[in-house]
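Engineer: Encoded as structure tokens, here's the structure I'll be asking about.
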Amino acid sequence: MNAASSDEDEEEDGLRTRLGRKYVRLPCGLICVAEHLAASAARDAPDKSGGMVRQASEELATWICRHASMLSSFDSAIELGAGVGLVSIVLAKLGVSRVIATDGNARLARLIQKNAARNGIEASQLQAVTFRWEHEPDALLASVGRAGLCSPLVLASDVLYSSDDSHFDPLEGALRALVARGGCRLVVFSWHVRNCNEEGFLPRLKDLGKVSTVWRSHGLPCDDALPSSGEAAIHQWRLTHTGTWAIATLEVFGGPALRPPASTRARQPSPCVDRGCSSAYTMRCVKTVPRATSEGSTL
């Protein structure tokens, strides 16, 4: 459940921004973040989507909480397109010792650092940096502090949003550059199905590792991918999936086997079935009552 408190103003470099605080209730606790609600000028204004908590970020944060025993074993993590920093803050709260939250917008990077402090997280544990996908990751990896190696965990939520694939190349290039430096074991993506091209992004990286869809909202089966052909089948898929959310992983080749701790591997009785979710990181299917979301749908 989310609840907004009083707004506040922030002024930086002559640009006044309206901030609102949002409380995000997750299985592992309550997180408070400030959001950019409005800016007084268009010049250098905060990104209208990245400056607010999106539902895909909340879903990824929830998934992380439910896999805390696995993901907290990573010693560091990188978040791409972190926005206001919700996912990075959750990782730090769960004990990941070094989290690098990145965004291409320098103002958002500064807001992330403030949001971390709001939640009692020191800059020595969570550092927000500006990183654009088309740039080399040397400065980013220097912040990670693993002698030039990538963090073993890389995450991104709601960074797939254009109606075509035009922004896929820079993002793919950034991920390939990070994986090429060594050290990366797991990439986790969450997205809102808007244009139905989001499904095709992670499979572009299947030469780097095993790609698996590990969770879908609304009780949809994980293996219900967008059909590659058949106009009627594609149309039906769009009707069913548009407006839902999904999470997928890339388990990078060459790293240690990614398995959950023994205490979490045994399947427990469940009122429904995973239906095709085959990764070690698949969330066990649980029946829930549909709830209203901030993007006008239900979950």
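We label chains A, B, ... in the order they appear in the structure tokens, count residues from 1 in each chain, and number ligands from 1 in the order shown.
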Applying 6 Å and only C-alpha atoms, which residues near region 193-205 of chain A remain after dropping the ones on its own chain fewer than 2 positions away? List them as a list in words.

Structural biologist: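 In the requested format, the answer is Leu160, Ser163, Asp207, Leu208, Thr242, Gly243, Thr244 and Trp245 of chain A.
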
Engineer: Could those residues be written to a file, using N, CA, C and O atoms, as a PDB file, in the first residue's frame?

Structural biologist:
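out04.pdb written:
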ATOM      1  N   LEU A 160      12.402  -0.210 -20.639  1.00  0.00           N
ATOM      2  CA  LEU A 160      11.962  -0.589 -21.982  1.00  0.00           C
ATOM      3  C   LEU A 160      10.592   0.032 -22.206  1.00  0.00           C
ATOM      4  O   LEU A 160       9.582  -0.483 -21.749  1.00  0.00           O
ATOM      5  N   SER A 163       8.030   2.821 -28.388  1.00  0.00           N
ATOM      6  CA  SER A 163       7.132   2.058 -29.249  1.00  0.00           C
ATOM      7  C   SER A 163       7.880   1.275 -30.319  1.00  0.00           C
ATOM      8  O   SER A 163       7.278   0.476 -31.026  1.00  0.00           O
ATOM      9  N   ASP A 207      23.189 -15.147 -26.215  1.00  0.00           N
ATOM     10  CA  ASP A 207      24.528 -15.686 -26.428  1.00  0.00           C
ATOM     11  C   ASP A 207      25.408 -15.527 -25.189  1.00  0.00           C
ATOM     12  O   ASP A 207      26.467 -16.143 -25.084  1.00  0.00           O
ATOM     13  N   LEU A 208      24.950 -14.699 -24.226  1.00  0.00           N
ATOM     14  CA  LEU A 208      25.725 -14.459 -23.005  1.00  0.00           C
ATOM     15  C   LEU A 208      25.307 -15.369 -21.855  1.00  0.00           C
ATOM     16  O   LEU A 208      26.035 -15.473 -20.855  1.00  0.00           O
ATOM     17  N   THR A 242      -1.132  -6.751 -22.575  1.00  0.00           N
ATOM     18  CA  THR A 242      -0.909  -5.310 -22.486  1.00  0.00           C
ATOM     19  C   THR A 242      -1.430  -4.771 -21.150  1.00  0.00           C
ATOM     20  O   THR A 242      -2.555  -5.050 -20.746  1.00  0.00           O
ATOM     21  N   GLY A 243      -0.578  -4.022 -20.464  1.00  0.00           N
ATOM     22  CA  GLY A 243      -0.923  -3.490 -19.160  1.00  0.00           C
ATOM     23  C   GLY A 243      -0.489  -4.353 -17.994  1.00  0.00           C
ATOM     24  O   GLY A 243      -0.706  -3.983 -16.842  1.00  0.00           O
ATOM     25  N   THR A 244       0.152  -5.492 -18.285  1.00  0.00           N
ATOM     26  CA  THR A 244       0.654  -6.352 -17.214  1.00  0.00           C
ATOM     27  C   THR A 244       2.143  -6.074 -16.992  1.00  0.00           C
ATOM     28  O   THR A 244       2.745  -5.239 -17.676  1.00  0.00           O
ATOM     29  N   TRP A 245       2.734  -6.787 -16.026  1.00  0.00           N
ATOM     30  CA  TRP A 245       4.159  -6.625 -15.708  1.00  0.00           C
ATOM     31  C   TRP A 245       4.844  -7.981 -15.747  1.00  0.00           C
ATOM     32  O   TRP A 245       4.193  -9.022 -15.568  1.00  0.00           O
TER      33      TRP A 245
END

Engineer: Can you list, as a PyMOL selection string, all residues belonging to region 211-248 of chain A that DSSP tags as strand (DSSP E)?

Structural biologist: chain A and resi 211-216+245-248

Engineer: For Leu220 (chain A), which of A:Val129, A:His241, A:Leu30, A:Gly173 is the closest residue, counting only C-alpha atoms?

Structural biologist: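 Nearest to Leu220 (chain A): A:His241.
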
Engineer: Tell me, as an MDAnalysis selection string, which residues lie within 9 Å of Ile31 (chain A), counting only C-alpha atoms; anything in the same chain fewer than 6 positions away does not count.

Structural biologist: chainID A and resid 22:25 86 89:90 118:119

Engineer: From the options A:Ala233, A:Met52, A:Val154, A:Met70, which residue's atoms come nearest to Ala174 (chain A), counting only C-alpha atoms?

Structural biologist: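 When distances to Ala174 (chain A) are compared using only C-alpha atoms, the smallest one comes from A:Val154.
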
Engineer: What gap, in Å, lies between CA of Asp103 (chain A) and CA of Thr213 (chain A)?

Structural biologist: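 So the answer is 24.6 Å.
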
Engineer: Please report, as a CSV table (one decimal) with all heavy atoms, in the first residue's frame, each residue of region 11-196 of chain A to which DSSP assigns alpha helix (DSSP H) when run on this structure's backbone.

Structural biologist:
chain,number,residue,atom,x,y,z
A,55,GLN,N,5.3,1.3,-11.4
A,55,GLN,CA,4.9,0.0,-10.9
A,55,GLN,C,5.9,-1.1,-11.1
A,55,GLN,O,6.0,-2.0,-10.3
A,55,GLN,CB,3.5,-0.4,-11.5
A,55,GLN,CG,2.9,-1.6,-10.9
A,55,GLN,CD,2.4,-1.3,-9.5
A,55,GLN,OE1,2.1,-0.2,-9.1
A,55,GLN,NE2,2.3,-2.4,-8.7
A,56,ALA,N,6.6,-1.1,-12.2
A,56,ALA,CA,7.6,-2.1,-12.5
A,56,ALA,C,8.7,-2.1,-11.5
A,56,ALA,O,9.2,-3.2,-11.1
A,56,ALA,CB,8.2,-1.9,-13.9
A,57,SER,N,9.1,-1.0,-11.0
A,57,SER,CA,10.1,-0.9,-9.9
A,57,SER,C,9.5,-1.5,-8.6
A,57,SER,O,10.2,-2.2,-7.9
A,57,SER,CB,10.5,0.5,-9.6
A,57,SER,OG,11.1,1.1,-10.8
A,58,GLU,N,8.3,-1.3,-8.3
A,58,GLU,CA,7.7,-1.9,-7.1
A,58,GLU,C,7.6,-3.4,-7.2
A,58,GLU,O,7.8,-4.1,-6.3
A,58,GLU,CB,6.3,-1.3,-6.9
A,58,GLU,CG,6.3,0.2,-6.5
A,58,GLU,CD,4.9,0.7,-6.0
A,58,GLU,OE1,4.2,-0.1,-5.3
A,58,GLU,OE2,4.5,1.8,-6.4
A,59,GLU,N,7.2,-3.9,-8.4
A,59,GLU,CA,7.2,-5.3,-8.6
A,59,GLU,C,8.6,-5.9,-8.5
A,59,GLU,O,8.7,-7.0,-7.9
A,59,GLU,CB,6.6,-5.6,-10.0
A,59,GLU,CG,5.2,-5.1,-10.2
A,59,GLU,CD,4.1,-5.6,-9.2
A,59,GLU,OE1,4.4,-6.5,-8.4
A,59,GLU,OE2,3.0,-5.1,-9.2
A,60,LEU,N,9.6,-5.3,-9.1
A,60,LEU,CA,10.9,-5.8,-8.9
A,60,LEU,C,11.4,-5.8,-7.5
A,60,LEU,O,12.0,-6.7,-7.0
A,60,LEU,CB,11.9,-5.1,-9.8
A,60,LEU,CG,13.4,-5.5,-9.8
A,60,LEU,CD1,13.5,-7.0,-10.1
A,60,LEU,CD2,14.2,-4.7,-10.8
A,61,ALA,N,11.1,-4.7,-6.8
A,61,ALA,CA,11.4,-4.6,-5.3
A,61,ALA,C,10.7,-5.7,-4.5
A,61,ALA,O,11.4,-6.3,-3.7
A,61,ALA,CB,11.1,-3.2,-4.8
A,62,THR,N,9.5,-6.0,-4.8
A,62,THR,CA,8.8,-7.1,-4.2
A,62,THR,C,9.4,-8.4,-4.5
A,62,THR,O,9.6,-9.3,-3.6
A,62,THR,CB,7.3,-7.1,-4.6
A,62,THR,OG1,6.7,-5.9,-4.2
A,62,THR,CG2,6.5,-8.3,-4.0
A,63,TRP,N,9.8,-8.7,-5.7
A,63,TRP,CA,10.4,-9.9,-6.1
A,63,TRP,C,11.8,-10.1,-5.4
A,63,TRP,O,12.1,-11.2,-4.9
A,63,TRP,CB,10.7,-9.9,-7.6
A,63,TRP,CG,11.2,-11.1,-8.2
A,63,TRP,CD1,10.6,-12.2,-8.6
A,63,TRP,CD2,12.6,-11.4,-8.5
A,63,TRP,NE1,11.4,-13.2,-9.2
A,63,TRP,CE2,12.7,-12.6,-9.1
A,63,TRP,CE3,13.8,-10.6,-8.3
A,63,TRP,CZ2,13.9,-13.2,-9.5
A,63,TRP,CZ3,15.0,-11.2,-8.8
A,63,TRP,CH2,15.0,-12.5,-9.3
A,64,ILE,N,12.5,-9.0,-5.2
A,64,ILE,CA,13.8,-9.0,-4.5
A,64,ILE,C,13.6,-9.4,-3.1
A,64,ILE,O,14.3,-10.2,-2.5
A,64,ILE,CB,14.5,-7.6,-4.6
A,64,ILE,CG1,15.0,-7.4,-6.0
A,64,ILE,CG2,15.7,-7.5,-3.6
A,64,ILE,CD1,15.5,-6.0,-6.3
A,65,CYS,N,12.5,-8.8,-2.4
A,65,CYS,CA,12.2,-9.1,-1.0
A,65,CYS,C,12.0,-10.6,-0.9
A,65,CYS,O,12.4,-11.2,0.1
A,65,CYS,CB,11.0,-8.3,-0.6
A,65,CYS,SG,11.3,-6.5,-0.3
A,66,ARG,N,11.3,-11.2,-1.8
A,66,ARG,CA,10.9,-12.6,-1.7
A,66,ARG,C,12.0,-13.5,-2.1
A,66,ARG,O,11.9,-14.7,-1.9
A,66,ARG,CB,9.6,-12.8,-2.6
A,66,ARG,CG,8.4,-12.2,-2.0
A,66,ARG,CD,7.2,-12.3,-2.8
A,66,ARG,NE,6.0,-11.7,-2.2
A,66,ARG,CZ,4.9,-11.5,-2.8
A,66,ARG,NH1,4.7,-11.8,-4.0
A,66,ARG,NH2,3.9,-10.9,-2.1
A,68,ALA,N,15.2,-12.6,-0.9
A,68,ALA,CA,16.2,-11.9,-0.2
A,68,ALA,C,17.4,-12.9,0.2
A,68,ALA,O,18.6,-12.5,0.2
A,68,ALA,CB,15.6,-11.3,1.1
A,69,SER,N,17.1,-14.1,0.6
A,69,SER,CA,18.2,-15.0,1.0
A,69,SER,C,19.1,-15.3,-0.1
A,69,SER,O,20.3,-15.6,0.1
A,69,SER,CB,17.6,-16.3,1.5
A,69,SER,OG,16.8,-16.9,0.5
A,70,MET,N,18.7,-15.3,-1.4
A,70,MET,CA,19.6,-15.5,-2.5
A,70,MET,C,20.3,-14.2,-2.9
A,70,MET,O,21.5,-14.2,-3.0
A,70,MET,CB,18.8,-16.0,-3.7
A,70,MET,CG,18.3,-17.4,-3.6
A,70,MET,SD,17.5,-18.0,-5.1
A,70,MET,CE,16.0,-17.0,-5.1
A,71,LEU,N,19.5,-13.1,-3.1
A,71,LEU,CA,20.1,-11.9,-3.7
A,71,LEU,C,21.0,-11.2,-2.7
A,71,LEU,O,22.0,-10.5,-3.1
A,71,LEU,CB,19.0,-11.0,-4.2
A,71,LEU,CG,18.1,-11.6,-5.3
A,71,LEU,CD1,17.1,-10.7,-5.7
A,71,LEU,CD2,19.0,-12.1,-6.5
A,86,LEU,N,14.4,3.2,-5.7
A,86,LEU,CA,13.7,2.3,-4.9
A,86,LEU,C,14.4,0.9,-4.9
A,86,LEU,O,14.6,0.3,-3.8
A,86,LEU,CB,12.2,2.1,-5.4
A,86,LEU,CG,11.4,1.1,-4.7
A,86,LEU,CD1,11.2,1.4,-3.2
A,86,LEU,CD2,10.1,0.9,-5.4
A,87,VAL,N,14.7,0.3,-6.0
A,87,VAL,CA,15.2,-1.0,-6.1
A,87,VAL,C,16.6,-1.0,-5.4
A,87,VAL,O,16.9,-2.0,-4.6
A,87,VAL,CB,15.3,-1.5,-7.6
A,87,VAL,CG1,16.2,-2.8,-7.7
A,87,VAL,CG2,13.9,-1.7,-8.1
A,88,SER,N,17.4,0.0,-5.6
A,88,SER,CA,18.8,0.0,-5.0
A,88,SER,C,18.7,0.1,-3.5
A,88,SER,O,19.4,-0.5,-2.8
A,88,SER,CB,19.6,1.2,-5.6
A,88,SER,OG,19.9,0.9,-6.9
A,89,ILE,N,17.7,0.9,-3.0
A,89,ILE,CA,17.5,1.1,-1.6
A,89,ILE,C,17.1,-0.3,-1.0
A,89,ILE,O,17.6,-0.6,0.1
A,89,ILE,CB,16.5,2.2,-1.3
A,89,ILE,CG1,17.1,3.5,-1.7
A,89,ILE,CG2,16.1,2.1,0.2
A,89,ILE,CD1,16.1,4.7,-1.7
A,90,VAL,N,16.2,-1.0,-1.6
A,90,VAL,CA,15.8,-2.3,-1.1
A,90,VAL,C,17.0,-3.3,-1.0
A,90,VAL,O,17.2,-4.0,0.0
A,90,VAL,CB,14.7,-2.9,-2.0
A,90,VAL,CG1,14.4,-4.3,-1.6
A,90,VAL,CG2,13.4,-2.1,-1.8
A,91,LEU,N,17.8,-3.3,-2.1
A,91,LEU,CA,19.0,-4.1,-2.0
A,91,LEU,C,20.0,-3.8,-0.9
A,91,LEU,O,20.5,-4.7,-0.2
A,91,LEU,CB,19.8,-4.0,-3.4
A,91,LEU,CG,19.1,-4.7,-4.6
A,91,LEU,CD1,19.9,-4.2,-5.9
A,91,LEU,CD2,19.2,-6.2,-4.5
A,92,ALA,N,20.2,-2.5,-0.7
A,92,ALA,CA,21.0,-2.1,0.5
A,92,ALA,C,20.4,-2.5,1.8
A,92,ALA,O,21.1,-2.9,2.7
A,92,ALA,CB,21.3,-0.6,0.4
A,93,LYS,N,19.1,-2.3,1.9
A,93,LYS,CA,18.4,-2.6,3.2
A,93,LYS,C,18.5,-4.1,3.4
A,93,LYS,O,18.6,-4.6,4.6
A,93,LYS,CB,16.9,-2.3,3.1
A,93,LYS,CG,16.6,-0.8,3.2
A,93,LYS,CD,16.8,-0.4,4.7
A,93,LYS,CE,16.2,1.0,5.0
A,93,LYS,NZ,16.3,1.4,6.4
A,106,ALA,N,21.6,13.5,-14.2
A,106,ALA,CA,22.4,13.8,-13.0
A,106,ALA,C,21.5,14.3,-11.8
A,106,ALA,O,21.9,14.0,-10.7
A,106,ALA,CB,23.4,14.9,-13.3
A,107,ARG,N,20.4,15.0,-12.1
A,107,ARG,CA,19.6,15.4,-11.0
A,107,ARG,C,18.9,14.2,-10.3
A,107,ARG,O,18.8,14.2,-9.1
A,107,ARG,CB,18.5,16.4,-11.5
A,107,ARG,CG,19.0,17.8,-12.0
A,107,ARG,CD,17.9,18.6,-12.6
A,107,ARG,NE,16.8,18.8,-11.6
A,107,ARG,CZ,16.7,19.7,-10.7
A,107,ARG,NH1,17.8,20.5,-10.5
A,107,ARG,NH2,15.7,19.8,-9.9
A,108,LEU,N,18.5,13.2,-11.1
A,108,LEU,CA,18.0,12.1,-10.4
A,108,LEU,C,19.0,11.3,-9.6
A,108,LEU,O,18.7,10.8,-8.6
A,108,LEU,CB,17.4,11.1,-11.5
A,108,LEU,CG,16.0,11.6,-12.1
A,108,LEU,CD1,15.6,10.6,-13.1
A,108,LEU,CD2,15.0,11.8,-11.0
A,109,ALA,N,20.3,11.3,-10.1
A,109,ALA,CA,21.3,10.6,-9.3
A,109,ALA,C,21.5,11.3,-8.0
A,109,ALA,O,21.7,10.6,-6.9
A,109,ALA,CB,22.6,10.7,-10.1
A,110,ARG,N,21.4,12.6,-7.9
A,110,ARG,CA,21.5,13.3,-6.7
A,110,ARG,C,20.3,13.0,-5.8
A,110,ARG,O,20.4,12.9,-4.6
A,110,ARG,CB,21.6,14.8,-6.9
A,110,ARG,CG,23.0,15.2,-7.5
A,110,ARG,CD,23.2,16.7,-7.5
A,110,ARG,NE,22.5,17.3,-8.6
A,110,ARG,CZ,22.9,17.5,-9.8
A,110,ARG,NH1,24.1,17.1,-10.2
A,110,ARG,NH2,22.1,18.1,-10.7
A,111,LEU,N,19.1,12.9,-6.4
A,111,LEU,CA,17.9,12.6,-5.6
A,111,LEU,C,18.0,11.2,-5.0
A,111,LEU,O,17.6,10.9,-3.9
A,111,LEU,CB,16.7,12.7,-6.5
A,111,LEU,CG,15.3,12.4,-5.9
A,111,LEU,CD1,15.0,13.3,-4.7
A,111,LEU,CD2,14.2,12.5,-6.9
A,112,ILE,N,18.5,10.2,-5.8
A,112,ILE,CA,18.7,8.9,-5.3
A,112,ILE,C,19.6,8.9,-4.0
A,112,ILE,O,19.2,8.2,-3.0
A,112,ILE,CB,19.4,8.0,-6.3
A,112,ILE,CG1,18.5,7.7,-7.5
A,112,ILE,CG2,19.8,6.6,-5.7
A,112,ILE,CD1,19.2,7.1,-8.7
A,113,GLN,N,20.7,9.7,-4.0
A,113,GLN,CA,21.5,9.7,-2.9
A,113,GLN,C,20.8,10.3,-1.7
A,113,GLN,O,20.9,9.8,-0.5
A,113,GLN,CB,22.7,10.6,-3.1
A,113,GLN,CG,23.9,10.3,-2.2
A,113,GLN,CD,24.5,8.9,-2.6
A,113,GLN,OE1,25.0,8.6,-3.6
A,113,GLN,NE2,24.4,8.0,-1.6
A,114,LYS,N,19.9,11.3,-1.9
A,114,LYS,CA,19.1,11.8,-0.8
A,114,LYS,C,18.1,10.8,-0.3
A,114,LYS,O,17.8,10.7,0.9
A,114,LYS,CB,18.4,13.1,-1.2
A,114,LYS,CG,19.4,14.3,-1.5
A,114,LYS,CD,18.6,15.5,-2.0
A,114,LYS,CE,19.6,16.6,-2.3
A,114,LYS,NZ,18.9,17.8,-2.9
A,115,ASN,N,17.5,10.1,-1.2
A,115,ASN,CA,16.5,9.0,-0.8
A,115,ASN,C,17.2,7.9,0.0
A,115,ASN,O,16.6,7.4,0.9
A,115,ASN,CB,15.8,8.5,-2.1
A,115,ASN,CG,14.7,9.4,-2.6
A,115,ASN,OD1,14.2,10.2,-1.8
A,115,ASN,ND2,14.4,9.3,-3.9
A,116,ALA,N,18.4,7.6,-0.4
A,116,ALA,CA,19.1,6.6,0.4
A,116,ALA,C,19.3,7.1,1.8
A,116,ALA,O,19.1,6.3,2.8
A,116,ALA,CB,20.5,6.3,-0.3
A,117,ALA,N,19.7,8.3,2.0
A,117,ALA,CA,19.9,8.9,3.3
A,117,ALA,C,18.6,8.9,4.1
A,117,ALA,O,18.6,8.7,5.3
A,117,ALA,CB,20.5,10.3,3.2
A,118,ARG,N,17.5,9.2,3.4
A,118,ARG,CA,16.1,9.2,4.0
A,118,ARG,C,15.8,7.8,4.7
A,118,ARG,O,15.1,7.7,5.6
A,118,ARG,CB,15.0,9.5,3.0
A,118,ARG,CG,14.9,10.9,2.6
A,118,ARG,CD,13.7,11.2,1.7
A,118,ARG,NE,13.5,12.6,1.5
A,118,ARG,CZ,14.0,13.3,0.5
A,118,ARG,NH1,14.8,12.7,-0.4
A,118,ARG,NH2,13.8,14.6,0.4
A,138,ASP,N,33.9,2.6,-17.6
A,138,ASP,CA,35.1,2.6,-16.7
A,138,ASP,C,34.9,3.3,-15.4
A,138,ASP,O,35.2,2.8,-14.3
A,138,ASP,CB,36.3,3.2,-17.5
A,138,ASP,CG,36.6,2.5,-18.7
A,138,ASP,OD1,36.0,2.7,-19.8
A,138,ASP,OD2,37.5,1.6,-18.7
A,139,ALA,N,34.3,4.5,-15.5
A,139,ALA,CA,34.0,5.3,-14.3
A,139,ALA,C,33.0,4.6,-13.4
A,139,ALA,O,33.2,4.6,-12.1
A,139,ALA,CB,33.6,6.7,-14.6
A,140,LEU,N,32.0,4.0,-14.0
A,140,LEU,CA,31.0,3.3,-13.2
A,140,LEU,C,31.7,2.1,-12.5
A,140,LEU,O,31.5,1.9,-11.3
A,140,LEU,CB,29.9,2.7,-14.1
A,140,LEU,CG,29.0,1.7,-13.6
A,140,LEU,CD1,28.2,2.2,-12.4
A,140,LEU,CD2,28.0,1.3,-14.7
A,141,LEU,N,32.5,1.3,-13.2
A,141,LEU,CA,33.1,0.2,-12.5
A,141,LEU,C,34.2,0.6,-11.5
A,141,LEU,O,34.4,-0.2,-10.5
A,141,LEU,CB,33.8,-0.7,-13.6
A,141,LEU,CG,32.8,-1.3,-14.6
A,141,LEU,CD1,33.5,-2.2,-15.7
A,141,LEU,CD2,31.8,-2.2,-13.9
A,142,ALA,N,34.8,1.8,-11.6
A,142,ALA,CA,35.7,2.3,-10.6
A,142,ALA,C,34.9,2.5,-9.3
A,142,ALA,O,35.4,2.2,-8.2
A,142,ALA,CB,36.3,3.5,-11.0
A,143,SER,N,33.6,2.9,-9.4
A,143,SER,CA,32.8,3.1,-8.2
A,143,SER,C,32.4,1.8,-7.6
A,143,SER,O,32.2,1.7,-6.4
A,143,SER,CB,31.5,3.8,-8.6
A,143,SER,OG,31.8,5.1,-9.1
A,144,VAL,N,32.3,0.7,-8.4
A,144,VAL,CA,32.0,-0.6,-7.9
A,144,VAL,C,33.1,-1.1,-6.9
A,144,VAL,O,32.8,-1.7,-5.9
A,144,VAL,CB,31.8,-1.6,-9.0
A,144,VAL,CG1,31.6,-3.0,-8.5
A,144,VAL,CG2,30.5,-1.2,-9.8
A,168,PHE,N,16.9,0.1,-27.8
A,168,PHE,CA,17.5,-1.1,-27.4
A,168,PHE,C,19.0,-1.2,-27.6
A,168,PHE,O,19.7,-1.8,-26.7
A,168,PHE,CB,16.8,-2.3,-28.2
A,168,PHE,CG,15.5,-2.7,-27.7
A,168,PHE,CD1,14.8,-1.9,-26.8
A,168,PHE,CD2,14.9,-3.8,-28.1
A,168,PHE,CE1,13.5,-2.2,-26.4
A,168,PHE,CE2,13.6,-4.2,-27.7
A,168,PHE,CZ,12.9,-3.4,-26.8
A,169,ASP,N,19.5,-0.6,-28.7
A,169,ASP,CA,20.9,-0.8,-29.0
A,169,ASP,C,21.8,-0.2,-27.9
A,169,ASP,O,22.8,-0.8,-27.4
A,169,ASP,CB,21.3,-0.2,-30.3
A,169,ASP,CG,20.7,-1.0,-31.5
A,169,ASP,OD1,20.4,-2.2,-31.3
A,169,ASP,OD2,20.7,-0.5,-32.6
A,170,PRO,N,21.6,1.1,-27.4
A,170,PRO,CA,22.4,1.6,-26.3
A,170,PRO,C,22.4,0.8,-25.0
A,170,PRO,O,23.4,0.5,-24.4
A,170,PRO,CB,21.9,3.0,-26.1
A,170,PRO,CG,21.2,3.4,-27.3
A,170,PRO,CD,20.6,2.1,-27.9
A,171,LEU,N,21.2,0.3,-24.7
A,171,LEU,CA,21.0,-0.5,-23.5
A,171,LEU,C,21.7,-1.9,-23.7
A,171,LEU,O,22.4,-2.3,-22.7
A,171,LEU,CB,19.5,-0.7,-23.2
A,171,LEU,CG,19.2,-1.6,-22.0
A,171,LEU,CD1,19.9,-1.0,-20.7
A,171,LEU,CD2,17.7,-1.7,-21.8
A,172,GLU,N,21.5,-2.5,-24.8
A,172,GLU,CA,22.2,-3.8,-25.1
A,172,GLU,C,23.7,-3.6,-25.0
A,172,GLU,O,24.5,-4.4,-24.4
A,172,GLU,CB,21.8,-4.3,-26.4
A,172,GLU,CG,22.5,-5.6,-26.7
A,172,GLU,CD,22.1,-6.2,-28.1
A,172,GLU,OE1,21.2,-5.6,-28.8
A,172,GLU,OE2,22.8,-7.2,-28.5
A,173,GLY,N,24.2,-2.5,-25.6
A,173,GLY,CA,25.7,-2.2,-25.6
A,173,GLY,C,26.2,-2.0,-24.2
A,173,GLY,O,27.3,-2.5,-23.9
A,174,ALA,N,25.4,-1.3,-23.4
A,174,ALA,CA,25.9,-1.1,-22.0
A,174,ALA,C,26.0,-2.5,-21.2
A,174,ALA,O,26.9,-2.7,-20.5
A,174,ALA,CB,24.9,-0.2,-21.3
A,175,LEU,N,25.0,-3.3,-21.4
A,175,LEU,CA,25.0,-4.6,-20.7
A,175,LEU,C,26.1,-5.5,-21.2
A,175,LEU,O,26.8,-6.1,-20.4
A,175,LEU,CB,23.6,-5.3,-20.9
A,175,LEU,CG,22.5,-4.7,-20.1
A,175,LEU,CD1,21.2,-5.3,-20.5
A,175,LEU,CD2,22.7,-5.1,-18.6
A,176,ARG,N,26.3,-5.5,-22.5
A,176,ARG,CA,27.4,-6.3,-23.1
A,176,ARG,C,28.8,-5.8,-22.6
A,176,ARG,O,29.7,-6.6,-22.3
A,176,ARG,CB,27.4,-6.3,-24.6
A,176,ARG,CG,26.2,-7.1,-25.2
A,176,ARG,CD,26.3,-7.2,-26.7
A,176,ARG,NE,25.2,-8.1,-27.2
A,176,ARG,CZ,25.2,-9.4,-27.2
A,176,ARG,NH1,26.3,-10.0,-26.8
A,176,ARG,NH2,24.2,-10.1,-27.7
A,177,ALA,N,28.9,-4.5,-22.5
A,177,ALA,CA,30.2,-3.9,-22.0
A,177,ALA,C,30.4,-4.3,-20.5
A,177,ALA,O,31.6,-4.6,-20.2
A,177,ALA,CB,30.2,-2.4,-22.1
A,178,LEU,N,29.4,-4.3,-19.7
A,178,LEU,CA,29.5,-4.7,-18.3
A,178,LEU,C,29.8,-6.2,-18.2
A,178,LEU,O,30.7,-6.6,-17.4
A,178,LEU,CB,28.2,-4.4,-17.6
A,178,LEU,CG,27.9,-2.9,-17.4
A,178,LEU,CD1,26.5,-2.7,-16.8
A,178,LEU,CD2,29.0,-2.2,-16.4
A,179,VAL,N,29.1,-7.0,-18.9
A,179,VAL,CA,29.4,-8.4,-18.8
A,179,VAL,C,30.8,-8.8,-19.3
A,179,VAL,O,31.5,-9.7,-18.8
A,179,VAL,CB,28.3,-9.2,-19.6
A,179,VAL,CG1,28.7,-10.7,-19.7
A,179,VAL,CG2,26.9,-9.1,-19.0
A,180,ALA,N,31.2,-8.1,-20.4
A,180,ALA,CA,32.6,-8.3,-21.0
A,180,ALA,C,33.7,-8.0,-20.0
A,180,ALA,O,34.8,-8.6,-20.1
A,180,ALA,CB,32.8,-7.5,-22.2

Engineer: Need to verify the contact set: Arg185 (chain A), 12 Å, only C-alpha atoms, exclusion of same-chain residues closer than 5 positions in sequence. Can you return it as JSON, numbers by chain?

Structural biologist: {"A": [71, 74, 75, 76, 77, 78, 149, 150, 151, 152, 153, 154, 155, 178, 179, 180, 208, 209, 210, 249, 250, 251, 252, 253, 254, 255, 256, 257, 258, 259]}

Engineer: One decimal, in Å: what's the spacing between CA of Val211 (chain A) and CA of His192 (chain A)?

Structural biologist: 17.9 Å
